[in-house]
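Visitor: Dropping in my_file.cif, with mmCIF, C-alpha atoms.
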```cif
data_run
#
loop_
_atom_site.label_atom_id
_atom_site.label_comp_id
_atom_site.auth_asym_id
_atom_site.auth_seq_id
_atom_site.Cartn_x
_atom_site.Cartn_y
_atom_site.Cartn_z
CA GLU A 283 -13.78 -25.51 18.58
CA ASP A 284 -12.54 -22.60 20.68
CA GLN A 285 -15.38 -20.38 21.91
CA VAL A 286 -15.50 -17.06 23.72
CA THR A 287 -18.71 -15.58 25.13
CA GLN A 288 -18.83 -12.10 26.62
CA SER A 289 -21.60 -10.73 28.82
CA PRO A 290 -23.34 -8.41 29.09
CA GLU A 291 -23.35 -7.30 25.45
CA ALA A 292 -24.06 -3.72 26.47
CA LEU A 293 -23.80 -1.91 29.79
CA ARG A 294 -24.70 1.63 30.85
CA LEU A 295 -23.09 2.86 34.04
CA GLN A 296 -23.33 6.03 36.04
CA GLU A 297 -19.97 7.68 36.62
CA GLY A 298 -18.48 6.11 39.74
CA GLU A 299 -20.67 2.98 39.56
CA SER A 300 -18.32 0.00 39.61
CA SER A 301 -19.15 -3.12 37.59
CA SER A 302 -17.67 -6.26 36.04
CA LEU A 303 -17.55 -7.68 32.52
CA ASN A 304 -17.49 -11.43 31.98
CA CYS A 305 -15.62 -13.49 29.39
CA SER A 306 -16.37 -17.23 29.40
CA TYR A 307 -14.16 -19.41 27.26
CA THR A 308 -13.78 -22.96 26.01
CA VAL A 309 -10.38 -23.83 24.62
CA SER A 310 -8.31 -26.99 24.35
CA GLY A 311 -5.41 -25.61 26.35
CA LEU A 312 -4.94 -21.90 27.01
CA ARG A 313 -1.81 -20.09 25.89
CA GLY A 314 -3.13 -16.69 26.84
CA LEU A 315 -6.29 -14.61 27.35
CA PHE A 316 -6.25 -11.03 26.17
CA TRP A 317 -8.36 -7.98 26.96
CA TYR A 318 -8.51 -5.08 24.53
CA ARG A 319 -10.29 -1.76 24.55
CA GLN A 320 -11.67 -0.46 21.25
CA ASP A 321 -13.03 2.98 20.49
CA PRO A 322 -15.31 3.47 17.45
CA GLY A 323 -13.38 3.42 14.17
CA LYS A 324 -10.07 2.68 15.89
CA GLY A 325 -7.96 -0.44 16.29
CA PRO A 326 -8.08 -2.50 19.50
CA GLU A 327 -5.82 -1.17 22.24
CA PHE A 328 -4.05 -3.82 24.30
CA LEU A 329 -4.95 -3.86 28.00
CA PHE A 330 -3.91 -7.16 29.59
CA THR A 331 -2.63 -10.66 28.95
CA LEU A 332 -3.46 -13.41 31.47
CA TYR A 333 -1.76 -16.79 31.24
CA SER A 334 -2.87 -18.96 34.15
CA ALA A 335 -5.78 -19.39 36.57
CA GLY A 336 -5.48 -17.15 39.60
CA GLU A 337 -3.58 -14.46 37.78
CA GLU A 338 -4.66 -10.83 38.24
CA LYS A 339 -3.50 -7.64 36.54
CA GLU A 340 -4.40 -4.00 37.14
CA LYS A 341 -4.16 -0.78 35.22
CA GLU A 342 -5.69 2.41 36.60
CA ARG A 343 -9.41 1.69 37.14
CA LEU A 344 -9.29 -1.72 35.43
CA LYS A 345 -8.51 -5.09 36.97
CA ALA A 346 -8.53 -8.39 35.06
CA THR A 347 -8.79 -11.81 36.69
CA LEU A 348 -8.67 -15.34 35.29
CA THR A 349 -10.07 -18.73 36.27
CA LYS A 350 -10.02 -21.98 34.33
CA LYS A 351 -13.34 -21.13 32.67
CA GLU A 352 -13.71 -17.36 32.64
CA SER A 353 -12.14 -13.97 33.01
CA PHE A 354 -13.55 -10.83 34.58
CA LEU A 355 -12.70 -7.24 33.79
CA HIS A 356 -13.59 -5.13 36.82
CA ILE A 357 -14.10 -1.42 36.26
CA THR A 358 -13.80 0.54 39.50
CA ALA A 359 -15.37 4.01 39.78
CA PRO A 360 -15.60 4.43 35.99
CA LYS A 361 -15.31 7.77 34.25
CA PRO A 362 -16.91 8.80 30.93
CA GLU A 363 -13.57 8.25 29.19
CA ASP A 364 -13.86 4.54 30.04
CA SER A 365 -16.72 4.30 27.53
CA ALA A 366 -15.63 1.83 24.85
CA THR A 367 -16.08 -1.71 23.61
CA TYR A 368 -14.01 -4.20 25.58
CA LEU A 369 -12.91 -7.26 23.61
CA CYS A 370 -11.81 -10.58 25.10
CA ALA A 371 -9.76 -13.03 23.04
CA VAL A 372 -8.12 -16.39 23.73
CA GLN A 373 -5.13 -17.97 22.10
CA PRO A 374 -5.05 -21.78 22.19
CA LEU A 375 -1.96 -23.62 23.31
CA TYR A 376 -2.00 -25.95 20.34
CA GLY A 377 -2.66 -25.56 16.68
CA ASN A 378 -2.45 -22.49 14.50
CA ASN A 379 -1.59 -19.03 15.66
CA ARG A 380 -5.14 -17.69 15.93
CA LEU A 381 -7.06 -15.56 18.39
CA ALA A 382 -10.68 -16.44 19.09
CA PHE A 383 -12.55 -13.20 19.87
CA GLY A 384 -15.73 -12.67 21.82
CA LYS A 385 -18.34 -10.25 20.48
CA GLY A 386 -17.35 -7.57 22.97
CA ASN A 387 -18.87 -5.68 25.89
CA GLN A 388 -20.06 -2.21 24.88
CA VAL A 389 -19.74 0.06 27.92
CA VAL A 390 -21.20 3.57 28.20
CA VAL A 391 -20.40 5.63 31.29
CA ILE A 392 -22.82 8.49 31.87
CA PRO A 393 -21.57 11.64 33.63
CA ASP B 28 8.88 1.62 19.15
CA THR B 29 5.73 -0.14 20.33
CA GLU B 30 3.42 0.75 17.47
CA VAL B 31 1.90 -0.78 14.39
CA THR B 32 1.47 1.90 11.72
CA GLN B 33 -1.17 1.55 9.01
CA THR B 34 -1.63 3.70 5.94
CA PRO B 35 -3.80 5.13 4.64
CA LYS B 36 -6.26 5.80 7.48
CA HIS B 37 -9.15 6.18 5.06
CA LEU B 38 -9.59 4.88 1.50
CA VAL B 39 -12.46 5.19 -0.96
CA MET B 40 -12.15 3.08 -4.07
CA GLY B 41 -14.25 2.08 -7.03
CA MET B 42 -14.97 -1.52 -7.87
CA THR B 43 -12.50 -1.46 -10.77
CA ASN B 44 -9.63 0.18 -8.87
CA LYS B 45 -6.44 -1.38 -7.60
CA LYS B 46 -5.13 -0.12 -4.28
CA SER B 47 -2.86 -1.31 -1.47
CA LEU B 48 -2.98 -1.09 2.30
CA LYS B 49 0.31 -0.87 4.14
CA CYS B 50 1.39 -1.90 7.62
CA GLU B 51 4.73 -1.42 9.39
CA GLN B 52 6.10 -2.46 12.78
CA HIS B 53 9.54 -2.22 14.38
CA MET B 54 8.99 -4.31 17.50
CA GLY B 55 10.90 -7.34 16.22
CA HIS B 56 7.68 -9.30 15.84
CA ARG B 57 7.89 -12.14 13.30
CA ALA B 58 4.15 -12.83 13.08
CA MET B 59 1.90 -10.38 11.26
CA TYR B 60 -1.83 -10.47 10.63
CA TRP B 61 -4.61 -8.94 8.57
CA TYR B 62 -8.08 -8.69 10.11
CA LYS B 63 -11.36 -7.38 8.73
CA GLN B 64 -13.86 -5.77 11.08
CA LYS B 65 -17.45 -4.80 10.35
CA ALA B 66 -19.35 -2.36 12.55
CA LYS B 67 -20.26 -3.75 15.98
CA LYS B 68 -18.57 -7.09 15.22
CA PRO B 69 -15.30 -8.56 16.48
CA PRO B 70 -12.28 -8.66 14.16
CA GLU B 71 -12.22 -11.56 11.69
CA LEU B 72 -8.90 -13.11 10.78
CA MET B 73 -7.96 -12.98 7.10
CA PHE B 74 -4.24 -13.86 6.84
CA VAL B 75 -1.32 -14.79 9.05
CA TYR B 76 2.35 -14.44 8.14
CA SER B 77 4.98 -16.19 10.22
CA TYR B 78 8.62 -15.46 9.40
CA GLU B 79 7.50 -13.68 6.23
CA LYS B 80 5.72 -16.77 4.96
CA LEU B 81 1.96 -17.07 4.61
CA SER B 82 0.82 -19.60 7.20
CA ILE B 83 -2.94 -19.03 7.33
CA ASN B 84 -5.41 -17.91 4.66
CA GLU B 85 -8.93 -18.00 6.04
CA SER B 86 -10.49 -18.74 2.64
CA VAL B 87 -10.29 -15.09 1.67
CA PRO B 88 -11.39 -14.23 -1.90
CA SER B 89 -8.54 -13.74 -4.37
CA ARG B 90 -9.44 -10.07 -4.82
CA PHE B 91 -7.46 -9.66 -1.57
CA SER B 92 -3.77 -10.44 -2.05
CA PRO B 93 -1.36 -10.21 0.91
CA GLU B 94 2.36 -9.63 0.69
CA CYS B 95 5.10 -9.60 3.33
CA PRO B 96 8.23 -8.04 1.73
CA ASN B 97 10.28 -8.21 4.94
CA SER B 98 9.93 -8.75 8.67
CA SER B 99 8.69 -5.19 9.28
CA LEU B 100 6.25 -4.69 6.42
CA LEU B 101 2.91 -6.18 5.46
CA ASN B 102 0.80 -5.16 2.48
CA LEU B 103 -2.71 -6.01 1.39
CA HIS B 104 -3.35 -5.53 -2.33
CA LEU B 105 -6.94 -4.89 -3.32
CA HIS B 106 -8.47 -5.41 -6.76
CA ALA B 107 -12.03 -5.54 -8.06
CA LEU B 108 -13.59 -5.24 -4.62
CA GLN B 109 -17.30 -5.32 -3.90
CA PRO B 110 -19.31 -2.86 -1.79
CA GLU B 111 -19.68 -5.57 0.89
CA ASP B 112 -15.90 -5.45 1.34
CA SER B 113 -16.27 -2.03 2.95
CA ALA B 114 -14.95 -2.39 6.50
CA LEU B 115 -12.17 -1.47 8.91
CA TYR B 116 -9.02 -3.39 7.97
CA LEU B 117 -6.69 -4.02 10.86
CA CYS B 118 -3.06 -5.08 10.86
CA ALA B 119 -1.53 -6.70 13.94
CA SER B 120 1.80 -8.20 14.95
CA SER B 121 3.11 -10.46 17.69
CA HIS B 122 5.98 -12.70 18.66
CA VAL B 123 5.65 -16.17 17.18
CA PRO B 124 4.26 -18.43 19.95
CA GLY B 125 6.44 -21.23 21.23
CA LEU B 126 9.83 -19.63 20.80
CA GLY B 127 10.65 -18.72 24.36
CA SER B 128 8.96 -15.34 24.50
CA SER B 129 6.32 -15.23 27.21
CA ASN B 130 4.58 -12.24 25.67
CA TYR B 131 2.26 -13.29 22.88
CA GLY B 132 0.06 -10.23 22.99
CA TYR B 133 -1.02 -8.90 19.64
CA THR B 134 -0.42 -5.22 18.92
CA PHE B 135 -2.99 -3.75 16.54
CA GLY B 136 -2.70 -0.79 14.26
CA SER B 137 -5.35 1.92 14.15
CA GLY B 138 -6.80 0.48 10.96
CA THR B 139 -7.74 1.58 7.45
CA ARG B 140 -11.38 2.51 6.95
CA LEU B 141 -12.16 1.20 3.46
CA THR B 142 -15.22 2.23 1.49
CA VAL B 143 -15.94 0.55 -1.85
CA VAL B 144 -18.28 2.50 -4.13
#
```
What is this structure when it is put down as structure tokens?
Guide:
Amino acid sequence: EDQVTQSPEALRLQEGESSSLNCSYTVSGLRGLFWYRQDPGKGPEFLFTLYSAGEEKEKERLKATLTKKESFLHITAPKPEDSATYLCAVQPLYGNNRLAFGKGNQVVVIP
Amino acid sequence: DTEVTQTPKHLVMGMTNKKSLKCEQHMGHRAMYWYKQKAKKPPELMFVYSYEKLSINESVPSRFSPECPNSSLLNLHLHALQPEDSALYLCASSHVPGLGSSNYGYTFGSGTRLTVV
């Protein structure tokens, strides 16, 4: 069974204090790993797709990396507007068209 | 157009009402999804449509009835819901995996906040 574990569950950061979120996964063949940002009461906002180990993608203060077992979302010099829940999801290479979601990393950035 | 549009944004319904949630996308995606999300939980898959045909039903109670009238539209018909069905209902779309597109990212709508009273 495909499994996704995100850590830490919750994180409080001072503005400007860089940190990393972890997404560990077990899947029988990876088609893609996705990172989303979700604000309360809103739908998930797409951030990145990673397809193969060694791949890295960046967007503003966020950088996502991928290995064969885990992905990291690095937040550099965060601002209060980066406060959100960050969701990681994997899509298996075989089988039905499903995403397996982790429980999310809830990030609060304090001014 | 890179959006998935859901209506209404908020819905309050009684347990005997019939209502529908609507979802529309114009990105050429041929896979569309309904998810249910409770507070502080990840989205849970309910239904998947691929080429306008229902391909996955995650054992969802029959009081939820999906419909895909065409490649751009997805509906979720609601009838005789229970208070525990109150949640954020999310629609998403994507390319169908395995057909040459390298972008399988799901695009989500902003959701319908449903309250059953």
Visitor: Near chain A, meaning an atom within 6 Å, which residues of chain B appear when counting all atoms listed in the file? Write them as number ranges by chain.
Guide: B: 69, 135-138
Visitor: Specify as a PDB file with C-alpha atoms, in the frame of the given file each residue included when the PyMOL selection byres ((chain B and resi 97-103) around 9) is applied to this file.
Guide:
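Result written to out_36.pdb:
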```pdb
ATOM      1  CA  LYS B  46      -5.130  -0.120  -4.280  1.00  0.00           C
ATOM      2  CA  SER B  47      -2.860  -1.310  -1.470  1.00  0.00           C
ATOM      3  CA  LEU B  48      -2.980  -1.090   2.300  1.00  0.00           C
ATOM      4  CA  LYS B  49       0.310  -0.870   4.140  1.00  0.00           C
ATOM      5  CA  CYS B  50       1.390  -1.900   7.620  1.00  0.00           C
ATOM      6  CA  GLU B  51       4.730  -1.420   9.390  1.00  0.00           C
ATOM      7  CA  GLN B  52       6.100  -2.460  12.780  1.00  0.00           C
ATOM      8  CA  HIS B  53       9.540  -2.220  14.380  1.00  0.00           C
ATOM      9  CA  MET B  54       8.990  -4.310  17.500  1.00  0.00           C
ATOM     10  CA  GLY B  55      10.900  -7.340  16.220  1.00  0.00           C
ATOM     11  CA  HIS B  56       7.680  -9.300  15.840  1.00  0.00           C
ATOM     12  CA  ARG B  57       7.890 -12.140  13.300  1.00  0.00           C
ATOM     13  CA  ALA B  58       4.150 -12.830  13.080  1.00  0.00           C
ATOM     14  CA  MET B  59       1.900 -10.380  11.260  1.00  0.00           C
ATOM     15  CA  TYR B  60      -1.830 -10.470  10.630  1.00  0.00           C
ATOM     16  CA  TRP B  61      -4.610  -8.940   8.570  1.00  0.00           C
ATOM     17  CA  TYR B  76       2.350 -14.440   8.140  1.00  0.00           C
ATOM     18  CA  TYR B  78       8.620 -15.460   9.400  1.00  0.00           C
ATOM     19  CA  GLU B  79       7.500 -13.680   6.230  1.00  0.00           C
ATOM     20  CA  PHE B  91      -7.460  -9.660  -1.570  1.00  0.00           C
ATOM     21  CA  SER B  92      -3.770 -10.440  -2.050  1.00  0.00           C
ATOM     22  CA  PRO B  93      -1.360 -10.210   0.910  1.00  0.00           C
ATOM     23  CA  GLU B  94       2.360  -9.630   0.690  1.00  0.00           C
ATOM     24  CA  CYS B  95       5.100  -9.600   3.330  1.00  0.00           C
ATOM     25  CA  PRO B  96       8.230  -8.040   1.730  1.00  0.00           C
ATOM     26  CA  HIS B 104      -3.350  -5.530  -2.330  1.00  0.00           C
ATOM     27  CA  LEU B 105      -6.940  -4.890  -3.320  1.00  0.00           C
ATOM     28  CA  CYS B 118      -3.060  -5.080  10.860  1.00  0.00           C
TER      29      CYS B 118
END
```
Visitor: Might you spell out which residues the PyMOL selection byres ((chain A and resi 295-301) around 9) would select in the displayed file, as a list of chain:residue names?
Guide: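 When the PyMOL selection byres ((chain A and resi 295-301) around 9) is applied, the selected residues are A:Leu293, A:Arg294, A:Ser302, A:Leu303, A:Leu355, A:His356, A:Ile357, A:Thr358, A:Ala359, A:Pro360, A:Lys361, A:Pro362, A:Val389, A:Val390, A:Val391, A:Ile392, A:Pro393.
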Visitor: How would the residues just picked look written out with C-alpha atoms as a compact mmCIF listing (two decimals), in the frame of the given file?
Guide:
```
# COMPACT_ATOMS: atom_id res chain seq x y z
CA LEU A 293 -23.80 -1.91 29.79
CA ARG A 294 -24.70 1.63 30.85
CA SER A 302 -17.67 -6.26 36.04
CA LEU A 303 -17.55 -7.68 32.52
CA LEU A 355 -12.70 -7.24 33.79
CA HIS A 356 -13.59 -5.13 36.82
CA ILE A 357 -14.10 -1.42 36.26
CA THR A 358 -13.80 0.54 39.50
CA ALA A 359 -15.37 4.01 39.78
CA PRO A 360 -15.60 4.43 35.99
CA LYS A 361 -15.31 7.77 34.25
CA PRO A 362 -16.91 8.80 30.93
CA VAL A 389 -19.74 0.06 27.92
CA VAL A 390 -21.20 3.57 28.20
CA VAL A 391 -20.40 5.63 31.29
CA ILE A 392 -22.82 8.49 31.87
CA PRO A 393 -21.57 11.64 33.63
```
Visitor: Considering all atoms listed in the file, state which residue in the set A:Val286, A:Ala346, A:Val372, A:Ala366 is at the smallest distance from Asn387 in chain A.
Guide: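 Checking each candidate against Asn387 in chain A, we get A:Ala366 as the closest.
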Visitor: Could you state the separation of CA of Glu71 in chain B and CA of Thr34 in chain B in Å, given to one decimal place?
Guide: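 Between these atoms lies a distance of 19.4 Å.
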Visitor: For a test of reading the model, state the distance in Å between CA of Asn304 in chain A and CA of Glu352 in chain A, rounded to one decimal.
Guide: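 If I compute the distance from CA of Asn304 in chain A to CA of Glu352 in chain A, I get 7.1 Å.
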Visitor: If we count all atoms listed in the file, what is near Gln109 in chain B at a cut-off of 10 Å, once residues fewer than 6 positions away on the same chain are taken out, given as a PDB file with C-alpha atoms, keeping the file's coordinate frame?
Guide:
```pdb
ATOM      1  CA  MET B  40     -12.150   3.080  -4.070  1.00  0.00           C
ATOM      2  CA  GLY B  41     -14.250   2.080  -7.030  1.00  0.00           C
ATOM      3  CA  MET B  42     -14.970  -1.520  -7.870  1.00  0.00           C
ATOM      4  CA  THR B  43     -12.500  -1.460 -10.770  1.00  0.00           C
ATOM      5  CA  ARG B  90      -9.440 -10.070  -4.820  1.00  0.00           C
ATOM      6  CA  THR B 142     -15.220   2.230   1.490  1.00  0.00           C
ATOM      7  CA  VAL B 143     -15.940   0.550  -1.850  1.00  0.00           C
ATOM      8  CA  VAL B 144     -18.280   2.500  -4.130  1.00  0.00           C
TER       9      VAL B 144
END
```
Visitor: Counting all atoms listed in the file, which residue out of A:Glu338, A:Tyr368, A:Gly311, A:Glu283 sits closest to Lys67 in chain B?
Guide: A:Tyr368
Visitor: For the atom pair CA of Ser89 in chain B and CA of Phe74 in chain B, what is the interatomic distance in Å to one decimal place?
Guide: 12.0 Å
Visitor: Report the residues retrieved by the PyMOL selection byres ((chain A and resi 309) around 7) from the displayed file, expressed as a PyMOL selection string.
Guide: chain A and resi 284-285+307-308+310-312+374
Visitor: When you count all atoms listed in the file, which of these residues is closest to Ala107 in chain B: B:Pro124, B:Gly132, B:Pro88, B:Pro70?
Guide: B:Pro88
Visitor: Within 7 Å of Lys36 in chain B, counting all atoms listed in the file, which residues show up once you throw out same-chain ones fewer than 3 positions away? Write them as a ChimeraX atom specification, please.
Guide: /B:33,138-140
Visitor: Which protein, DNA or RNA residues are at most 12 Å from (-4.8, -15.6, 43.8) in the file's coordinates when you count only C-alpha atoms, listed as a list in words?
Guide: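 Returned residue set, sorted by chain then number, is Ser334, Ala335, Gly336, Glu337, Glu338, Lys339, Ala346, Thr347, Leu348 and Thr349 of chain A.
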Visitor: Could those selected residues go to a file with C-alpha atoms, as a compact mmCIF listing (two decimals), in the frame of the given file?
Guide:
```
# COMPACT_ATOMS: atom_id res chain seq x y z
CA SER A 334 -2.87 -18.96 34.15
CA ALA A 335 -5.78 -19.39 36.57
CA GLY A 336 -5.48 -17.15 39.60
CA GLU A 337 -3.58 -14.46 37.78
CA GLU A 338 -4.66 -10.83 38.24
CA LYS A 339 -3.50 -7.64 36.54
CA ALA A 346 -8.53 -8.39 35.06
CA THR A 347 -8.79 -11.81 36.69
CA LEU A 348 -8.67 -15.34 35.29
CA THR A 349 -10.07 -18.73 36.27
```
Visitor: From the options B:Leu81, B:Leu117, B:Leu72, B:Leu108, which residue's atoms come nearest to Asn44 in chain B, counting all atoms listed in the file?
Guide: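 Checking each of B:Leu81, B:Leu117, B:Leu72, B:Leu108 against Asn44 in chain B, counting all atoms listed in the file, the winner is B:Leu108.
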Visitor: Taking all atoms listed in the file into account, name the residue in B:Val31, B:His122, B:Tyr116, B:His37 that is nearest to Met73 in chain B.
Guide: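 With all atoms listed in the file as the atom set, the closest residue is B:Tyr116.
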